$ cat work.txt   # compact mmCIF, C-alpha atoms (C1' of nucleotides)
# COMPACT_ATOMS: atom_id res chain seq x y z
CA MET A 139 83.58 65.79 110.78
CA SER A 140 86.75 66.47 112.77
CA ASN A 141 86.02 70.17 112.96
CA SER A 142 83.22 72.60 112.42
CA ARG A 143 83.31 74.94 109.48
CA GLU A 144 83.77 77.91 111.82
CA GLN A 145 86.76 76.25 113.49
CA SER A 146 88.31 75.49 110.12
CA ILE A 147 87.95 79.09 109.01
CA GLN A 148 89.49 80.32 112.24
CA GLN A 149 92.48 77.98 111.91
CA ALA A 150 92.96 78.88 108.25
CA MET A 151 92.86 82.56 109.18
CA THR A 152 95.77 82.00 111.54
CA VAL A 153 97.84 80.38 108.81
CA PHE A 154 97.09 83.16 106.30
CA TRP A 155 97.85 85.73 108.97
CA GLN A 156 101.21 84.16 109.68
CA LYS A 157 102.30 83.40 106.13
CA GLY A 158 100.26 85.61 103.83
CA TYR A 159 98.02 84.43 100.99
CA VAL A 160 100.84 83.49 98.63
CA GLY A 161 103.14 82.16 101.33
CA ALA A 162 100.55 79.92 102.97
CA GLY A 163 100.64 76.53 101.29
CA MET A 164 97.65 74.25 101.09
CA ARG A 165 99.75 71.69 102.96
CA ASP A 166 100.29 74.13 105.83
CA ILE A 167 96.54 74.58 105.91
CA GLN A 168 95.84 70.86 105.70
CA THR A 169 98.06 70.36 108.74
CA ALA A 170 96.50 73.21 110.68
CA LEU A 171 92.96 72.02 110.02
CA ASP A 172 93.91 68.37 110.37
CA LYS A 173 92.00 67.65 107.21
CA ARG A 174 92.86 66.04 103.92
CA PRO A 175 92.77 68.08 100.70
CA GLY A 176 89.53 66.62 99.43
CA SER A 177 87.57 67.71 102.49
CA ILE A 178 88.85 71.24 102.25
CA TYR A 179 88.14 71.53 98.54
CA ALA A 180 84.67 70.08 99.07
CA ALA A 181 83.93 72.68 101.71
CA PHE A 182 85.54 75.80 100.25
CA GLY A 183 86.14 75.14 96.56
CA ASN A 184 89.73 76.22 96.45
CA LYS A 185 92.42 78.20 98.26
CA GLU A 186 90.86 81.49 97.25
CA GLY A 187 87.46 80.46 98.64
CA LEU A 188 89.01 79.50 101.93
CA TYR A 189 90.88 82.78 102.15
CA LEU A 190 87.76 84.76 101.36
CA ALA A 191 85.90 82.97 104.15
CA ALA A 192 88.72 83.80 106.57
CA LEU A 193 88.92 87.42 105.44
CA GLU A 194 85.17 87.77 105.89
CA VAL A 195 85.37 86.63 109.51
CA TYR A 196 88.42 88.79 110.18
CA THR A 197 86.87 91.93 108.72
CA GLN A 198 83.55 91.37 110.46
CA GLY A 199 85.44 91.06 113.75
CA ILE A 200 87.09 94.44 113.23
CA ALA A 201 83.88 96.09 112.08
CA ASP A 202 81.99 94.74 115.09
CA ARG A 203 84.61 96.03 117.49
CA LEU A 204 84.63 99.45 115.86
CA ILE A 205 80.86 99.65 116.15
CA ALA A 206 81.26 98.69 119.82
CA CYS A 207 83.71 101.60 120.16
CA SER A 208 81.16 103.97 118.69
CA HIS A 209 78.67 102.87 121.35
CA ALA A 210 81.11 103.24 124.21
CA ALA A 211 80.85 106.05 126.74
CA GLU A 212 84.10 107.52 125.42
CA PRO A 213 84.38 106.47 121.75
CA LEU A 214 87.89 107.83 121.30
CA ASP A 215 89.24 106.12 124.41
CA ALA A 216 87.70 102.88 123.27
CA LEU A 217 89.21 103.33 119.81
CA LYS A 218 92.61 104.04 121.31
CA GLU A 219 92.41 100.88 123.36
CA PHE A 220 91.29 98.90 120.33
CA LEU A 221 94.18 100.16 118.21
CA GLY A 222 96.78 99.83 120.95
CA THR A 223 96.09 96.33 122.20
CA PRO A 224 97.49 94.31 119.27
CA LEU A 225 100.68 96.35 119.14
CA LEU A 226 102.25 94.69 122.15
CA GLN A 227 101.14 91.16 121.39
CA ASN A 228 103.13 88.42 123.14
CA ASP A 229 106.22 87.14 121.41
CA GLU A 230 104.57 83.98 120.10
CA ASP A 231 101.80 85.97 118.48
CA THR A 232 103.79 88.72 116.79
CA TYR A 233 102.08 87.84 113.53
CA MET A 234 98.93 89.37 114.99
CA ARG A 235 100.58 92.77 115.13
CA GLN A 236 100.22 93.27 111.42
CA CYS A 237 96.72 93.66 110.04
CA LEU A 238 95.68 90.70 107.90
CA ILE A 239 94.14 92.98 105.28
CA VAL A 240 97.24 95.15 104.93
CA LYS A 241 99.49 92.11 104.94
CA THR A 242 97.60 90.48 102.10
CA GLN A 243 97.47 93.77 100.23
CA ALA A 244 101.26 93.74 100.04
CA ASP A 245 101.06 90.94 97.44
CA TRP A 246 98.50 92.91 95.42
CA LEU A 247 99.76 92.16 91.91
CA GLU A 248 99.87 88.40 92.50
CA LEU A 249 96.39 88.15 93.98
CA PRO A 250 93.38 86.74 92.11
CA GLU A 251 90.89 89.40 91.14
CA GLY A 252 88.31 88.05 93.56
CA ILE A 253 90.66 88.64 96.45
CA GLN A 254 91.59 92.11 95.25
CA ASN A 255 87.93 93.05 95.20
CA SER A 256 87.29 91.59 98.63
CA LEU A 257 90.27 93.44 100.05
CA ARG A 258 88.93 96.71 98.71
CA LYS A 259 85.58 95.95 100.27
CA ALA A 260 87.22 95.00 103.57
CA LEU A 261 89.12 98.27 103.69
CA GLY A 262 85.88 100.09 103.00
CA ASN A 263 84.16 98.27 105.87
CA VAL A 264 86.92 99.23 108.28
CA ARG A 265 86.69 102.81 107.11
CA ASP A 266 82.93 102.80 107.68
CA GLY A 267 83.57 101.62 111.21
CA LEU A 268 86.01 104.48 111.77
CA ILE A 269 83.45 106.93 110.43
CA ALA A 270 80.92 105.61 112.95
CA VAL A 271 83.40 106.16 115.77
CA ILE A 272 84.20 109.69 114.62
CA GLU A 273 80.55 110.59 114.39
CA ALA A 274 79.89 109.17 117.85
CA ALA A 275 82.79 111.21 119.24
CA LYS A 276 81.39 114.32 117.60
CA ALA A 277 77.98 113.66 119.14
CA LYS A 278 79.66 113.47 122.54
CA GLN A 279 81.62 116.69 121.95
CA ALA A 280 84.89 114.73 122.07
CA LEU A 281 85.68 115.94 118.56
CA ALA A 282 84.90 119.28 116.95
CA GLU A 283 81.86 119.30 114.71
CA SER A 284 83.97 121.05 112.09
CA LEU A 285 86.32 118.09 111.69
CA PRO A 286 85.88 116.59 108.20
CA THR A 287 84.68 113.06 108.94
CA GLU A 288 85.60 111.44 105.63
CA GLN A 289 89.12 112.82 105.60
CA ALA A 290 89.66 111.99 109.25
CA ALA A 291 88.59 108.40 108.64
CA THR A 292 91.04 108.01 105.78
CA TRP A 293 93.74 109.59 107.91
CA LEU A 294 92.96 107.28 110.84
CA GLN A 295 93.21 104.30 108.55
CA GLY A 296 96.66 105.45 107.53
CA GLN A 297 97.77 105.86 111.13
CA PHE A 298 96.37 102.43 111.86
CA ILE A 299 98.48 100.98 109.05
CA ALA A 300 101.58 102.83 110.23
CA LEU A 301 101.29 101.60 113.80
CA ARG A 302 100.56 98.00 112.93
CA THR A 303 103.32 97.82 110.35
CA MET A 304 105.96 99.36 112.58
CA ALA A 305 104.93 97.08 115.44
CA THR A 306 106.20 94.11 113.45
CA THR A 307 109.79 95.41 113.44
CA VAL A 308 110.03 97.86 116.31
CA ASP A 309 109.78 95.95 119.55
CA ASP A 310 110.23 99.06 121.63
CA ALA A 311 106.90 99.30 123.37
CA SER A 312 107.37 102.92 124.42
CA SER A 313 107.90 104.14 120.82
CA LEU A 314 104.61 102.64 119.77
CA SER A 315 102.88 103.92 122.85
CA TRP A 316 103.72 107.58 122.28
CA MET A 317 103.05 107.27 118.58
CA LEU A 318 99.57 106.22 119.59
CA ASP A 319 99.36 109.20 121.93
CA LYS A 320 100.50 111.61 119.26
CA MET A 321 98.02 110.11 116.84
CA PHE A 322 95.06 110.97 119.06
CA SER A 323 96.54 114.32 119.93
CA ASP A 324 96.87 115.12 116.20
CA LEU A 325 93.33 113.89 115.59
CA LYS A 326 91.89 116.41 118.02
CA LYS A 327 94.06 119.31 116.84
CA GLN A 328 93.18 121.60 114.00
CA TRP A 329 92.84 120.17 110.49
CA MET B 257 128.10 89.87 78.70
CA SER B 258 124.65 90.93 77.59
CA ASN B 259 124.35 93.29 80.51
CA SER B 260 126.46 94.93 83.16
CA ARG B 261 126.15 93.85 86.75
CA GLU B 262 124.58 97.19 87.64
CA GLN B 263 121.96 96.82 84.92
CA SER B 264 121.13 93.32 86.13
CA ILE B 265 120.69 94.54 89.68
CA GLN B 266 118.44 97.34 88.50
CA GLN B 267 116.26 95.01 86.45
CA ALA B 268 116.05 92.48 89.28
CA MET B 269 115.05 95.28 91.63
CA THR B 270 112.10 96.07 89.39
CA VAL B 271 110.91 92.47 89.47
CA PHE B 272 111.24 92.23 93.26
CA TRP B 273 109.46 95.54 93.59
CA GLN B 274 106.57 94.35 91.47
CA LYS B 275 106.21 90.84 92.86
CA GLY B 276 107.91 90.77 96.26
CA TYR B 277 110.70 88.47 97.34
CA VAL B 278 108.59 85.34 97.62
CA GLY B 279 106.41 86.13 94.64
CA ALA B 280 109.25 86.88 92.25
CA GLY B 281 110.27 83.65 90.56
CA MET B 282 113.76 83.04 89.26
CA ARG B 283 112.18 82.56 85.85
CA ASP B 284 110.62 86.01 85.99
CA ILE B 285 114.08 87.33 86.81
CA GLN B 286 115.76 85.30 84.08
CA THR B 287 113.37 86.80 81.59
CA ALA B 288 113.82 90.34 82.88
CA LEU B 289 117.63 90.11 82.83
CA ASP B 290 117.64 88.11 79.58
CA LYS B 291 120.10 85.73 81.19
CA ARG B 292 120.17 82.01 81.77
CA PRO B 293 120.10 80.63 85.33
CA GLY B 294 123.79 79.67 85.39
CA SER B 295 124.92 83.22 84.68
CA ILE B 296 122.80 84.64 87.44
CA TYR B 297 123.90 82.07 89.96
CA ALA B 298 127.54 82.58 89.00
CA ALA B 299 127.20 86.32 89.56
CA PHE B 300 125.02 86.48 92.67
CA GLY B 301 125.14 83.03 94.28
CA ASN B 302 121.42 82.59 94.70
CA LYS B 303 118.08 84.38 94.80
CA GLU B 304 118.84 85.81 98.22
CA GLY B 305 122.17 87.23 97.05
CA LEU B 306 120.50 88.90 94.10
CA TYR B 307 117.81 90.37 96.29
CA LEU B 308 120.38 91.67 98.77
CA ALA B 309 122.24 93.39 95.95
CA ALA B 310 119.01 95.01 94.76
CA LEU B 311 118.01 96.06 98.26
CA GLU B 312 121.44 97.60 98.80
CA VAL B 313 121.07 99.76 95.69
CA TYR B 314 117.50 100.68 96.58
CA THR B 315 118.34 101.68 100.14
CA GLN B 316 121.41 103.63 99.13
CA GLY B 317 119.26 105.54 96.67
CA ILE B 318 116.85 106.58 99.40
CA ALA B 319 119.64 107.43 101.83
CA ASP B 320 121.40 109.57 99.22
CA ARG B 321 118.25 111.48 98.46
CA LEU B 322 117.52 112.06 102.12
CA ILE B 323 121.03 113.41 102.63
CA ALA B 324 120.43 115.67 99.65
CA CYS B 325 117.28 116.91 101.39
CA SER B 326 119.29 117.72 104.49
CA HIS B 327 121.61 119.88 102.38
CA ALA B 328 118.78 121.70 100.65
CA ALA B 329 117.93 125.32 101.39
CA GLU B 330 114.62 124.23 102.90
CA PRO B 331 115.12 120.68 104.20
CA LEU B 332 111.46 120.13 105.08
CA ASP B 333 110.21 121.29 101.70
CA ALA B 334 112.71 119.02 100.01
CA LEU B 335 111.60 116.12 102.22
CA LYS B 336 107.96 116.78 101.43
CA GLU B 337 108.72 116.73 97.74
CA PHE B 338 110.72 113.52 98.13
CA LEU B 339 107.89 111.79 99.99
CA GLY B 340 105.16 113.10 97.75
CA THR B 341 106.57 112.35 94.32
CA PRO B 342 106.16 108.54 94.28
CA LEU B 343 102.57 108.70 95.55
CA LEU B 344 101.13 109.75 92.22
CA GLN B 345 103.21 107.50 90.03
CA ASN B 346 101.79 106.86 86.55
CA ASP B 347 99.42 103.95 86.16
CA GLU B 348 102.01 101.60 84.67
CA ASP B 349 104.36 102.16 87.58
CA THR B 350 101.95 101.81 90.50
CA TYR B 351 104.26 99.21 92.00
CA MET B 352 106.66 102.04 92.74
CA ARG B 353 104.18 103.61 95.13
CA GLN B 354 104.86 101.03 97.78
CA CYS B 355 108.31 101.08 99.38
CA LEU B 356 110.35 98.02 98.46
CA ILE B 357 111.58 97.62 102.03
CA VAL B 358 108.10 97.73 103.54
CA LYS B 359 106.75 95.45 100.85
CA THR B 360 109.38 92.80 101.51
CA GLN B 361 108.88 93.18 105.23
CA ALA B 362 105.29 92.00 104.82
CA ASP B 363 106.60 88.46 104.17
CA TRP B 364 108.77 88.64 107.30
CA LEU B 365 108.23 85.12 108.64
CA GLU B 366 109.06 83.49 105.30
CA LEU B 367 112.24 85.43 104.68
CA PRO B 368 115.74 83.97 105.11
CA GLU B 369 117.54 85.33 108.13
CA GLY B 370 120.03 87.16 105.96
CA ILE B 371 117.25 89.17 104.37
CA GLN B 372 115.59 89.89 107.70
CA ASN B 373 118.86 91.32 108.97
CA SER B 374 119.39 93.42 105.84
CA LEU B 375 115.86 94.77 106.06
CA ARG B 376 116.47 95.87 109.63
CA LYS B 377 119.66 97.57 108.54
CA ALA B 378 117.90 99.23 105.60
CA LEU B 379 115.19 100.61 107.86
CA GLY B 380 117.93 101.92 110.13
CA ASN B 381 119.64 103.65 107.22
CA VAL B 382 116.43 105.36 106.16
CA ARG B 383 115.86 106.46 109.74
CA ASP B 384 119.38 107.89 109.89
CA GLY B 385 118.61 109.90 106.77
CA LEU B 386 115.43 111.23 108.35
CA ILE B 387 117.42 112.21 111.44
CA ALA B 388 119.84 114.15 109.26
CA VAL B 389 116.94 116.03 107.66
CA ILE B 390 115.39 116.84 111.03
CA GLU B 391 118.67 118.13 112.39
CA ALA B 392 119.23 120.26 109.31
CA ALA B 393 115.72 121.71 109.68
CA LYS B 394 116.46 122.48 113.31
CA ALA B 395 119.69 124.23 112.36
CA LYS B 396 117.70 126.39 109.95
CA GLN B 397 115.01 127.16 112.59
CA ALA B 398 112.41 125.33 110.52
CA LEU B 399 111.80 123.00 113.47
CA ALA B 400 111.89 123.77 117.17
CA GLU B 401 115.09 122.79 118.94
CA SER B 402 112.95 121.13 121.59
CA LEU B 403 111.54 118.57 119.17
CA PRO B 404 112.82 115.10 120.10
CA THR B 405 114.81 114.07 117.03
CA GLU B 406 114.81 110.31 117.57
CA GLN B 407 111.10 110.13 118.22
CA ALA B 408 110.30 112.39 115.33
CA ALA B 409 112.36 110.23 112.98
CA THR B 410 110.51 107.10 114.04
CA TRP B 411 107.22 108.92 113.65
CA LEU B 412 108.18 110.21 110.21
CA GLN B 413 109.05 106.67 109.17
CA GLY B 414 105.58 105.58 110.22
CA GLN B 415 103.94 108.38 108.25
CA PHE B 416 106.08 107.44 105.27
CA ILE B 417 104.83 103.83 105.50
CA ALA B 418 101.23 104.97 105.85
CA LEU B 419 101.34 107.20 102.79
CA ARG B 420 103.11 104.73 100.55
CA THR B 421 100.87 101.85 101.58
CA MET B 422 97.66 103.77 101.10
CA ALA B 423 98.85 105.04 97.74
CA THR B 424 98.70 101.46 96.40
CA THR B 425 94.92 101.22 96.96
CA VAL B 426 93.62 104.77 97.14
CA ASP B 427 93.93 106.36 93.76
CA ASP B 428 92.39 109.58 94.95
CA ALA B 429 95.29 111.97 94.52
CA SER B 430 93.75 114.68 96.70
CA SER B 431 93.41 112.38 99.73
CA LEU B 432 97.09 111.61 99.63
CA SER B 433 97.97 115.21 99.04
CA TRP B 434 96.28 116.56 102.15
CA MET B 435 97.50 113.65 104.21
CA LEU B 436 100.98 114.79 103.24
CA ASP B 437 100.06 118.33 104.23
CA LYS B 438 98.69 117.26 107.58
CA MET B 439 101.80 115.18 108.17
CA PHE B 440 104.09 118.19 107.92
CA SER B 441 101.68 120.32 109.87
CA ASP B 442 101.65 117.75 112.69
CA LEU B 443 105.42 117.51 112.55
CA LYS B 444 105.81 121.19 113.30
CA LYS B 445 103.14 121.27 116.00
CA GLN B 446 103.78 120.52 119.64
CA TRP B 447 104.90 117.03 120.66
C1' DG C 130 70.42 44.14 106.96
C1' DA C 131 70.37 46.68 102.56
C1' DA C 132 70.32 50.69 99.90
C1' DA C 133 71.21 55.57 99.37
C1' DC C 134 73.52 59.60 100.41
C1' DG C 135 76.98 62.85 101.89
C1' DT C 136 81.92 63.17 103.74
C1' DT C 137 86.57 62.09 104.18
C1' DT C 138 90.59 59.92 102.60
C1' DG C 139 95.24 59.97 100.44
C1' DA C 140 97.72 58.81 96.37
C1' DA C 141 98.66 61.10 92.36
C1' DC C 142 98.64 64.86 88.56
C1' DG C 143 100.81 68.52 85.95
C1' DA C 144 102.96 72.90 86.80
C1' DT C 145 106.26 75.56 88.86
C1' DC C 146 109.78 76.41 92.38
C1' DG C 147 115.08 77.39 93.35
C1' DT C 148 119.14 75.37 91.88
C1' DT C 149 122.96 72.59 89.55
C1' DC C 150 126.45 71.36 86.17
C1' DA C 151 128.61 69.46 82.01
C1' DG C 152 129.59 71.40 77.98
C1' DA C 153 129.64 75.41 74.41
C1' DA C 154 131.16 79.99 73.55
C1' DA C 155 133.76 84.01 74.27
C1' DT C 156 137.82 86.27 75.84
C1' DA C 157 142.68 86.77 77.41
C1' DA C 158 147.41 85.16 77.64
C1' DA C 159 151.14 82.68 75.37
C1' DT D 143 147.41 80.06 66.36
C1' DT D 144 147.24 77.58 70.46
C1' DT D 145 146.37 77.36 75.11
C1' DA D 146 144.32 78.86 79.39
C1' DT D 147 140.66 81.12 81.70
C1' DT D 148 136.40 83.05 82.38
C1' DT D 149 131.58 83.42 81.21
C1' DC D 150 127.33 81.75 79.53
C1' DT D 151 123.99 78.16 78.11
C1' DG D 152 119.97 75.28 78.85
C1' DA D 153 118.48 70.72 79.93
C1' DA D 154 117.52 68.58 84.01
C1' DC D 155 117.02 67.68 89.24
C1' DG D 156 114.31 67.08 93.41
C1' DA D 157 110.99 69.61 96.06
C1' DT D 158 106.84 71.78 96.50
C1' DC D 159 102.77 74.10 94.56
C1' DG D 160 97.33 73.97 94.03
C1' DT D 161 94.20 70.59 92.79
C1' DT D 162 91.62 66.17 91.49
C1' DC D 163 89.14 61.81 92.07
C1' DA D 164 88.12 56.92 92.78
C1' DA D 165 87.64 54.41 96.65
C1' DA D 166 86.59 53.93 101.78
C1' DC D 167 83.81 55.46 105.46
C1' DG D 168 79.83 57.19 108.28
C1' DT D 169 75.20 58.17 108.74
C1' DT D 170 70.36 58.00 107.63
C1' DT D 171 66.18 55.81 105.63
C1' DC D 172 63.31 52.00 104.69
$ encode --input "work.txt" --output "structure tokens"
Amino acid sequence: MSNSREQSIQQAMTVFWQKGYVGAGMRDIQTALDKRPGSIYAAFGNKEGLYLAALEVYTQGIADRLIACSHAAEPLDALKEFLGTPLLQNDEDTYMRQCLIVKTQADWLELPEGIQNSLRKALGNVRDGLIAVIEAAKAKQALAESLPTEQAATWLQGQFIALRTMATTVDDASSLSWMLDKMFSDLKKQW
Amino acid sequence: MSNSREQSIQQAMTVFWQKGYVGAGMRDIQTALDKRPGSIYAAFGNKEGLYLAALEVYTQGIADRLIACSHAAEPLDALKEFLGTPLLQNDEDTYMRQCLIVKTQADWLELPEGIQNSLRKALGNVRDGLIAVIEAAKAKQALAESLPTEQAATWLQGQFIALRTMATTVDDASSLSWMLDKMFSDLKKQW
DNA sequence: GAAACGTTTGAACGATCGTTCAGAAATAAA
DNA sequence: TTTATTTCTGAACGATCGTTCAAACGTTTC
């Protein structure tokens, strides 16, 4: 075995992240994993199975980090740091600026049903993480108790999408930085 | 000629809008235009040329409507209407909820350079339209003179992306509606 | 060492991709 | 009507797509 299953998933995730589900060819993946088609199909069934494995790891990573934010001393500061870090990714890793879930979602109509369902679930998981952070911030008086948690989570998810999408075209770091500031300022203001 | 050039561009735009640049096959397009490959290639050169023609029409449409907003009695109300209308598109036309420019941008790394450049230009044109609306609102005292126009335009573009992207998955009309409300509320608040 | 089992290999399949081009058809000029 | 010019047709090209499978290989068990 040239590579563990976890390594393979990680490498495949990179390819899907760079090229999207439709754009990533099995031959790109074969090269990245340094494996021949048969091995990959034996391990993951097909392209969809491999993508689902990668999406699972990706989403779990986000969910874990959001839960970590909710346990931090200052949940909102931790969240701000979490959201801001990928925006200024080094030049070679610009593909990481866009969220893998949102990127895949762009090809919605061409995706197999299994992937559509998993994307919905992934978005729900991220939203649950945001809810946890909001509730933690409320508990620490960093957010008003009156703030509607569900709505705020949906809104945060939208802001998250806006930032990550713009970061792929705008390479003006300061624009993104004050958009992030305004986002947290608007979060705390009246609803 | 079974179809005028303008009609062909319009029909091609629909296909690209539904399937994306990479996902739209020339055979899908041939079917939609009811034309054989040779005709299309004679008229537009190649797939890229056809897409560029469609993008041009699409972008000009947005720019025109934004300029119209800036000439309206209440520029911000007009803008809100313009941004809100596509979010609740009928079920058969959900593809119209996502912005064609943003959708194509998702495939960034796989796009020919000519399309990348045109996308940048298109985003710039939309931003210019937003600037015109902001300035008109300022002139009518609907926005504070102190509001930084350039920053606000970039921010508005981000909010625009967020709304349109979320509208493709969230089919809860009320969520989108109050996100739109909050957006305009945050626009008027302090920066 | 032999047999049994699970993995990996890599050539090959049919389908589809964007694109071409010789010839048919339609239109304009004479 | 004949000629010249433009437009359209559709079979076909090479490349690439996701996927398969018989054979080779590696490891374990007796």
$ residues_around --input "work.txt" --residues "A:Glu186" --least-positions-apart "4" --cutoff "12 Å" --atoms "only C-alpha atoms (C1' of nucleotides)" --output "number ranges by chain"
A: 150, 154, 159-160, 162-164, 178-179, 182, 190-193, 249-254, 256; D: 160
$ write_last_selection --input "work.txt" --atoms "C-alpha atoms (C1' of nucleotides)" --output "short mmCIF file (atom, residue, chain, number, x, y, z; two decimals), in the frame of the given file"
data_model
loop_
_atom_site.label_atom_id
_atom_site.label_comp_id
_atom_site.auth_asym_id
_atom_site.auth_seq_id
_atom_site.Cartn_x
_atom_site.Cartn_y
_atom_site.Cartn_z
CA ALA A 150 92.96 78.88 108.25
CA PHE A 154 97.09 83.16 106.30
CA TYR A 159 98.02 84.43 100.99
CA VAL A 160 100.84 83.49 98.63
CA ALA A 162 100.55 79.92 102.97
CA GLY A 163 100.64 76.53 101.29
CA MET A 164 97.65 74.25 101.09
CA ILE A 178 88.85 71.24 102.25
CA TYR A 179 88.14 71.53 98.54
CA PHE A 182 85.54 75.80 100.25
CA LEU A 190 87.76 84.76 101.36
CA ALA A 191 85.90 82.97 104.15
CA ALA A 192 88.72 83.80 106.57
CA LEU A 193 88.92 87.42 105.44
CA LEU A 249 96.39 88.15 93.98
CA PRO A 250 93.38 86.74 92.11
CA GLU A 251 90.89 89.40 91.14
CA GLY A 252 88.31 88.05 93.56
CA ILE A 253 90.66 88.64 96.45
CA GLN A 254 91.59 92.11 95.25
CA SER A 256 87.29 91.59 98.63
"C1'" DG D 160 97.33 73.97 94.03
#
$ residues_near_point --input "work.txt" --point "(86.9, 102.8, 118.9)" --cutoff "6 Å" --atoms "all atoms listed in the file" --output "list in words"
Leu204, Cys207, Ser208, Pro213, Leu214, Ala216, Leu217 and Val271 of chain A
$ interface_residues --input "work.txt" --of "chain A" --to "chain B" --cutoff "9 Å" --atoms "only C-alpha atoms" --output "PyMOL selection string"
chain A and resi 156-158+160-161+233+236+240-248+258+289+292-293+295-301+303-304+306-307+313+316-317+320+323-324+327+329
$ residues_around --input "work.txt" --residues "A:Thr197" --least-positions-apart "3" --cutoff "9 Å" --atoms "all atoms listed in the file" --output "list in words"
Ala192, Leu193, Glu194, Ile200, Ala201, Asp202, Leu238, Ile239, Ala260, Leu261, Asn263 and Val264 of chain A
$ atom_distance --input "work.txt" --atom1 "atom CA of A:Ser315" --atom2 "atom CA of A:Phe220"
12.9 Å
$ residues_around --input "work.txt" --residues "C:DT136" --least-positions-apart "6" --cutoff "10 Å" --atoms "all atoms listed in the file" --output "list in words"
Met139, Gly176, Ser177, Ala180 and Ala181 of chain A; DC167, DG168 and DT169 of chain D
$ write_last_selection --input "work.txt" --atoms "C-alpha atoms (C1' of nucleotides)" --output "tab-separated table (two decimals), in the coordinates of the input"
chain	number	residue	atom	x	y	z
A	139	MET	CA	83.58	65.79	110.78
A	176	GLY	CA	89.53	66.62	99.43
A	177	SER	CA	87.57	67.71	102.49
A	180	ALA	CA	84.67	70.08	99.07
A	181	ALA	CA	83.93	72.68	101.71
D	167	DC	C1'	83.81	55.46	105.46
D	168	DG	C1'	79.83	57.19	108.28
D	169	DT	C1'	75.20	58.17	108.74
$ interface_residues --input "work.txt" --of "chain C" --to "chain B" --cutoff "10 Å" --atoms "all atoms listed in the file" --output "list in words"
DT145, DC146, DG147, DT148, DT149, DC150 and DA155 of chain C
$ closest_atom_pairs --input "work.txt" --of "chain D" --to "chain B" --cutoff "10 Å" --atoms "all atoms listed in the file" --output "JSON lines"
{"residue": "D:DT149", "atom": "C1'", "partner": "B:Ser295", "partner_atom": "CA", "distance": 7.5}
{"residue": "D:DC150", "atom": "C1'", "partner": "B:Ser295", "partner_atom": "CA", "distance": 5.9}
{"residue": "D:DT151", "atom": "C1'", "partner": "B:Arg292", "partner_atom": "CA", "distance": 6.5}
{"residue": "D:DG152", "atom": "C1'", "partner": "B:Arg292", "partner_atom": "CA", "distance": 7.3}
$ residues_near_point --input "work.txt" --point "(67.0, 45.0, 109.0)" --cutoff "12 Å" --atoms "all atoms listed in the file" --output "PyMOL selection string"
(chain C and resi 130-132) or (chain D and resi 171-172)
$ atom_distance --input "work.txt" --atom1 "atom CA of B:Asp333" --atom2 "atom CA of B:Met352"
21.5 Å
$ atom_distance --input "work.txt" --atom1 "atom CA of B:Phe440" --atom2 "atom CA of A:Cys237"
25.7 Å
$ residues_around --input "work.txt" --residues "D:DA146" --least-positions-apart "6" --cutoff "9 Å" --atoms "all atoms listed in the file" --output "short mmCIF file (atom, residue, chain, number, x, y, z; two decimals) with C-alpha atoms (C1' of nucleotides), in the coordinates of the input"
data_model
loop_
_atom_site.label_atom_id
_atom_site.label_comp_id
_atom_site.auth_asym_id
_atom_site.auth_seq_id
_atom_site.Cartn_x
_atom_site.Cartn_y
_atom_site.Cartn_z
"C1'" DA C 157 142.68 86.77 77.41
"C1'" DA C 158 147.41 85.16 77.64
"C1'" DA C 159 151.14 82.68 75.37
#
